[in-house]
Amino acid sequence: MNEYWTIKEPTISGDDKDGREYMFQFFRNGQVGAMYWLPFVICPECEGGGGGGKDFPFLCPERLKTHPAIVNGVPVPLKEYKELVPVVQEELERIGIDSRKWMLDPVLGFGPGSHFADRIIEIPCHPSVSFHWDFSNATVSKEVKETFEREKITGIWFQEVNINWVGKFDLAKKKPSWDHMMWWMLDGCAEGTPKDYPGEDNPSRFGPLYGMTILNCAQVSDIVPSEVYPCCETCGSELGPSEPIEPSEWRNFLTQNQLISYDMFRVPYVQGTVISDRVRRIIEENGFTNCQLTKLEVRE
Ligand SMILES: [Zn+2]
């Protein structure tokens, strides 16, 4: 029988009492974020849902980049959201994307909180790892992208990430000191780049890095209802697990009907991204870093 694994950001060990390991992980992972997304909704039915939305496998259409609801990230009333949907559809159609498929299907469709693929990264040190995480989304090195493409890994889609800021710290030469990490965390963590922290003059020379969108299997193959979280019937918000989810709520198994023919995919209530054994082998053989692989049980 085929084996399946999950890939996600490495878990910080329980004995990290002073938070040093957590800080170091933050330091080398950096902060990755979406630049444009559909707003969450102030919904009378679901109160805004619990999931983080889905990922469009395409960039934000140019004309939407200045739309207040797309840029602000502030939840909007239901009426305003309903008025926004046709505007987004029209812009998708304009750039040749089937808006019915992506916006209107109650199961497959993208609802409130869905991200466009445009991503931005800020990192306090020179990028040195294979995977940079933002919840379960990964931004990857050129080496990972090229390897996955050469191996024809299915279920994923890449888009170059905007490297907005890189600090003048090279982990290959020196590990950051406690003071150094505190400087970053206290001055910058909540707001983004710290004002006084020295940055590189030309951050783009550290690229390219690529956002890796994991296509929900249901978006690229036949609908498998067990593969998608239910959505609110009123506003379309994904009613996924609320974050942060309790560790006991995550599953460490797949069921037979969740086994599909893609190399990478997401499954509700399974933490991280499911990968085939072939992907696991490629990751290990290439020594890709900053990821944790866990074997999944397959139940009848
Ligand atoms: Zn709702």
# chains A, B, ... in the order shown; residues from 1 in each chain; ligands from 1

call {"tool": "select_by_dssp", "arguments": {"residues": "stretch 59-165 of chain A", "states": "alpha helix (DSSP H)", "output": "PyMOL selection string"}}
result
chain A and resi 68-72+78-94+99+142-150

call {"tool": "write_last_selection", "arguments": {"atoms": "N, CA and C atoms", "output": "mmCIF file, in the first residue's frame"}}
result
data_model
loop_
_atom_site.group_PDB
_atom_site.id
_atom_site.type_symbol
_atom_site.label_atom_id
_atom_site.label_comp_id
_atom_site.auth_asym_id
_atom_site.auth_seq_id
_atom_site.Cartn_x
_atom_site.Cartn_y
_atom_site.Cartn_z
ATOM 1 N N PRO A 68 -10.223 48.933 -1.833
ATOM 2 C CA PRO A 68 -10.064 49.040 -0.374
ATOM 3 C C PRO A 68 -10.347 47.723 0.374
ATOM 4 N N ALA A 69 -11.377 46.986 -0.040
ATOM 5 C CA ALA A 69 -11.745 45.772 0.684
ATOM 6 C C ALA A 69 -10.674 44.681 0.538
ATOM 7 N N ILE A 70 -9.958 44.701 -0.577
ATOM 8 C CA ILE A 70 -8.935 43.686 -0.859
ATOM 9 C C ILE A 70 -7.630 44.036 -0.134
ATOM 10 N N VAL A 71 -7.359 45.314 -0.029
ATOM 11 C CA VAL A 71 -6.081 45.763 0.526
ATOM 12 C C VAL A 71 -6.122 45.866 2.043
ATOM 13 N N ASN A 72 -7.247 46.289 2.604
ATOM 14 C CA ASN A 72 -7.291 46.586 4.040
ATOM 15 C C ASN A 72 -7.259 45.357 4.935
ATOM 16 N N LEU A 78 -21.876 41.651 5.438
ATOM 17 C CA LEU A 78 -22.278 40.677 4.426
ATOM 18 C C LEU A 78 -22.684 41.340 3.106
ATOM 19 N N LYS A 79 -23.450 42.430 3.221
ATOM 20 C CA LYS A 79 -23.942 43.121 2.020
ATOM 21 C C LYS A 79 -22.760 43.597 1.165
ATOM 22 N N GLU A 80 -21.767 44.151 1.820
ATOM 23 C CA GLU A 80 -20.608 44.671 1.098
ATOM 24 C C GLU A 80 -19.844 43.528 0.416
ATOM 25 N N TYR A 81 -19.771 42.392 1.105
ATOM 26 C CA TYR A 81 -19.070 41.243 0.517
ATOM 27 C C TYR A 81 -19.798 40.752 -0.732
ATOM 28 N N LYS A 82 -21.130 40.686 -0.609
ATOM 29 C CA LYS A 82 -21.924 40.212 -1.760
ATOM 30 C C LYS A 82 -21.776 41.145 -2.960
ATOM 31 N N GLU A 83 -21.580 42.419 -2.673
ATOM 32 C CA GLU A 83 -21.370 43.376 -3.776
ATOM 33 C C GLU A 83 -19.970 43.228 -4.371
ATOM 34 N N LEU A 84 -19.043 42.764 -3.536
ATOM 35 C CA LEU A 84 -17.658 42.623 -4.003
ATOM 36 C C LEU A 84 -17.487 41.429 -4.945
ATOM 37 N N VAL A 85 -18.248 40.345 -4.682
ATOM 38 C CA VAL A 85 -18.060 39.107 -5.443
ATOM 39 C C VAL A 85 -18.139 39.326 -6.964
ATOM 40 N N PRO A 86 -19.187 39.985 -7.472
ATOM 41 C CA PRO A 86 -19.217 40.186 -8.933
ATOM 42 C C PRO A 86 -18.072 41.045 -9.454
ATOM 43 N N VAL A 87 -17.590 41.964 -8.628
ATOM 44 C CA VAL A 87 -16.452 42.807 -9.050
ATOM 45 C C VAL A 87 -15.209 41.928 -9.225
ATOM 46 N N VAL A 88 -14.989 41.027 -8.259
ATOM 47 C CA VAL A 88 -13.837 40.123 -8.340
ATOM 48 C C VAL A 88 -13.988 39.190 -9.543
ATOM 49 N N GLN A 89 -15.215 38.668 -9.714
ATOM 50 C CA GLN A 89 -15.473 37.782 -10.857
ATOM 51 C C GLN A 89 -15.143 38.453 -12.177
ATOM 52 N N GLU A 90 -15.570 39.699 -12.294
ATOM 53 C CA GLU A 90 -15.348 40.414 -13.550
ATOM 54 C C GLU A 90 -13.850 40.552 -13.824
ATOM 55 N N GLU A 91 -13.083 40.872 -12.778
ATOM 56 C CA GLU A 91 -11.641 41.054 -12.966
ATOM 57 C C GLU A 91 -10.953 39.725 -13.272
ATOM 58 N N LEU A 92 -11.457 38.641 -12.679
ATOM 59 C CA LEU A 92 -10.882 37.322 -12.991
ATOM 60 C C LEU A 92 -11.142 36.976 -14.454
ATOM 61 N N GLU A 93 -12.368 37.224 -14.892
ATOM 62 C CA GLU A 93 -12.710 36.938 -16.287
ATOM 63 C C GLU A 93 -11.823 37.759 -17.226
ATOM 64 N N ARG A 94 -11.554 38.974 -16.833
ATOM 65 C CA ARG A 94 -10.755 39.874 -17.673
ATOM 66 C C ARG A 94 -9.348 39.310 -17.909
ATOM 67 N N SER A 99 -14.281 32.420 -13.604
ATOM 68 C CA SER A 99 -14.712 32.884 -12.286
ATOM 69 C C SER A 99 -15.786 31.984 -11.678
ATOM 70 N N LYS A 142 14.717 28.238 -4.549
ATOM 71 C CA LYS A 142 14.760 27.912 -5.985
ATOM 72 C C LYS A 142 15.067 26.430 -6.172
ATOM 73 N N GLU A 143 15.905 25.905 -5.305
ATOM 74 C CA GLU A 143 16.302 24.496 -5.412
ATOM 75 C C GLU A 143 15.085 23.570 -5.216
ATOM 76 N N VAL A 144 14.243 23.892 -4.216
ATOM 77 C CA VAL A 144 13.049 23.069 -3.988
ATOM 78 C C VAL A 144 12.129 23.149 -5.206
ATOM 79 N N LYS A 145 11.888 24.376 -5.666
ATOM 80 C CA LYS A 145 10.983 24.545 -6.810
ATOM 81 C C LYS A 145 11.479 23.752 -8.014
ATOM 82 N N GLU A 146 12.768 23.919 -8.330
ATOM 83 C CA GLU A 146 13.291 23.255 -9.527
ATOM 84 C C GLU A 146 13.282 21.735 -9.379
ATOM 85 N N THR A 147 13.571 21.271 -8.167
ATOM 86 C CA THR A 147 13.554 19.818 -7.938
ATOM 87 C C THR A 147 12.135 19.272 -8.091
ATOM 88 N N PHE A 148 11.167 19.935 -7.454
ATOM 89 C CA PHE A 148 9.775 19.473 -7.530
ATOM 90 C C PHE A 148 9.260 19.510 -8.971
ATOM 91 N N GLU A 149 9.660 20.544 -9.707
ATOM 92 C CA GLU A 149 9.201 20.631 -11.103
ATOM 93 C C GLU A 149 9.851 19.545 -11.954
ATOM 94 N N ARG A 150 11.144 19.332 -11.724
ATOM 95 C CA ARG A 150 11.852 18.294 -12.493
ATOM 96 C C ARG A 150 11.228 16.924 -12.222
#

call {"tool": "select_by_dssp", "arguments": {"residues": "stretch 54-186 of chain A", "states": "strand (DSSP E or B)", "output": "list of chain:residue names"}}
result
A:Asp55, A:Val76, A:Pro77, A:His115, A:Arg119, A:Ile120, A:Ile121, A:Glu122, A:Ile123, A:Phe131, A:His132, A:Trp133, A:Asp134, A:Asn137, A:Ala138, A:Thr139, A:Val140, A:Ser141, A:Ile156, A:Trp157, A:Phe158, A:Gln159, A:Glu160, A:Asn162, A:Ile163, A:Asn164, A:Trp165, A:Val166, A:Gly167

call {"tool": "write_last_selection", "arguments": {"atoms": "C-alpha atoms", "output": "short mmCIF file (atom, residue, chain, number, x, y, z; two decimals), in the first residue's frame"}}
result
data_model
loop_
_atom_site.label_atom_id
_atom_site.label_comp_id
_atom_site.auth_asym_id
_atom_site.auth_seq_id
_atom_site.Cartn_x
_atom_site.Cartn_y
_atom_site.Cartn_z
CA ASP A 55 -5.41 30.00 -1.70
CA VAL A 76 -16.78 43.74 5.96
CA PRO A 77 -20.58 43.49 6.36
CA HIS A 115 -5.71 34.66 -0.53
CA ARG A 119 3.15 36.94 -1.09
CA ILE A 120 5.76 39.02 0.67
CA ILE A 121 8.62 37.90 2.93
CA GLU A 122 10.69 39.77 5.51
CA ILE A 123 13.48 37.87 7.16
CA PHE A 131 11.06 26.02 3.43
CA HIS A 132 9.79 29.27 5.00
CA TRP A 133 6.40 28.74 6.68
CA ASP A 134 3.31 30.85 7.12
CA ASN A 137 1.72 27.63 3.45
CA ALA A 138 5.33 27.30 2.37
CA THR A 139 7.63 29.68 0.55
CA VAL A 140 10.47 27.64 -0.90
CA SER A 141 13.98 28.03 -2.27
CA ILE A 156 1.23 22.34 -6.34
CA TRP A 157 1.73 25.65 -8.12
CA PHE A 158 4.59 28.16 -7.75
CA GLN A 159 4.72 31.93 -7.89
CA GLU A 160 7.70 34.17 -7.14
CA ASN A 162 8.30 39.57 -3.19
CA ILE A 163 11.41 39.67 -0.96
CA ASN A 164 10.69 42.92 0.81
CA TRP A 165 13.43 43.00 3.41
CA VAL A 166 16.46 40.94 4.48
CA GLY A 167 18.55 41.66 7.59
#

call {"tool": "atom_distance", "arguments": {"atom1": "atom CA of A:Gln292", "atom2": "atom CA of A:Thr273"}}
result
10.7 Å

call {"tool": "closest_atom_pairs", "arguments": {"of": "chain A", "to": "ligand 1", "cutoff": "9 Å", "atoms": "only C-alpha atoms and all ligand atoms", "output": "tab-separated table"}}
result
residue	atom	partner	partner_atom_place_in_ligand_line	distance
A:Val41	CA	ligand 1	1 (Zn)	7.1
A:Ile42	CA	ligand 1	1 (Zn)	7.6
A:Cys43	CA	ligand 1	1 (Zn)	4.6
A:Pro44	CA	ligand 1	1 (Zn)	6.6
A:Glu45	CA	ligand 1	1 (Zn)	4.9
A:Cys46	CA	ligand 1	1 (Zn)	4.1
A:Glu47	CA	ligand 1	1 (Zn)	6.0
A:Gly48	CA	ligand 1	1 (Zn)	5.5
A:Gly49	CA	ligand 1	1 (Zn)	6.0
A:Leu78	CA	ligand 1	1 (Zn)	8.3
A:Pro112	CA	ligand 1	1 (Zn)	8.9
A:Cys231	CA	ligand 1	1 (Zn)	7.8
A:Cys232	CA	ligand 1	1 (Zn)	4.6
A:Glu233	CA	ligand 1	1 (Zn)	6.5
A:Thr234	CA	ligand 1	1 (Zn)	4.9
A:Cys235	CA	ligand 1	1 (Zn)	4.1
A:Gly236	CA	ligand 1	1 (Zn)	5.9
A:Ser237	CA	ligand 1	1 (Zn)	5.4
A:Glu238	CA	ligand 1	1 (Zn)	8.3
A:Leu239	CA	ligand 1	1 (Zn)	8.5

call {"tool": "residues_around", "arguments": {"residues": "A:Ile275", "least_positions_apart": "6", "cutoff": "7 Å", "atoms": "only C-alpha atoms", "output": "tab-separated table (two decimals) with C-alpha atoms, in the first residue's frame"}}
result
chain	number	residue	atom	x	y	z
A	4	TYR	CA	1.63	9.05	3.12
A	5	TRP	CA	3.31	11.68	5.28
A	6	THR	CA	2.69	15.24	6.35
A	7	ILE	CA	5.08	18.14	5.94
A	263	ASP	CA	1.66	14.00	-4.70
A	264	MET	CA	0.67	16.84	-2.37
A	265	PHE	CA	-2.74	17.86	-1.04

call {"tool": "closest_residue", "arguments": {"among": "A:Gly73, A:Gly19, A:Gly113, A:Gly30", "to": "A:Met182", "atoms": "only C-alpha atoms"}}
result
A:Gly19

call {"tool": "atom_distance", "arguments": {"atom1": "atom CA of A:Gly211", "atom2": "atom CA of A:Trp183"}}
result
27.9 Å

call {"tool": "residues_around", "arguments": {"residues": "A:Arg299", "least_positions_apart": "5", "cutoff": "7 Å", "atoms": "only C-alpha atoms", "output": "count of residues only"}}
result
4

call {"tool": "residues_around", "arguments": {"residues": "A:Lys174", "least_positions_apart": "5", "cutoff": "12 Å", "atoms": "only C-alpha atoms", "output": "list in words"}}
result
Cys125, His126, Lys168, Phe169 and His180 of chain A

call {"tool": "residues_around", "arguments": {"residues": "A:Met181", "least_positions_apart": "6", "cutoff": "10 Å", "atoms": "only C-alpha atoms", "output": "NGL selection string"}}
result
:A and (20 or 23-24 or 26-27 or 124 or 175 or 187)

call {"tool": "write_last_selection", "arguments": {"atoms": "N, CA and C atoms", "output": "tab-separated table (two decimals), in the first residue's frame"}}
result
chain	number	residue	atom	x	y	z
A	20	ARG	N	14.10	30.36	23.57
A	20	ARG	CA	15.24	30.61	22.68
A	20	ARG	C	15.09	29.88	21.34
A	23	MET	N	12.50	31.54	19.24
A	23	MET	CA	13.01	32.79	18.65
A	23	MET	C	13.92	32.50	17.47
A	24	PHE	N	14.78	31.48	17.64
A	24	PHE	CA	15.71	31.15	16.55
A	24	PHE	C	14.93	30.68	15.32
A	26	PHE	N	11.93	31.54	14.50
A	26	PHE	CA	11.34	32.74	13.89
A	26	PHE	C	12.39	33.48	13.07
A	27	PHE	N	13.60	33.54	13.64
A	27	PHE	CA	14.69	34.28	13.04
A	27	PHE	C	15.08	33.75	11.66
A	124	PRO	N	14.91	38.27	9.12
A	124	PRO	CA	15.99	38.95	9.83
A	124	PRO	C	17.40	38.48	9.47
A	175	LYS	N	25.64	32.22	14.67
A	175	LYS	CA	24.27	32.11	15.18
A	175	LYS	C	23.91	33.41	15.89
A	187	ASP	N	11.48	44.96	18.95
A	187	ASP	CA	11.33	46.17	18.15
A	187	ASP	C	10.49	45.93	16.90

call {"tool": "atom_distance", "arguments": {"atom1": "atom CA of A:Thr66", "atom2": "atom CA of A:Pro39"}}
result
13.6 Å
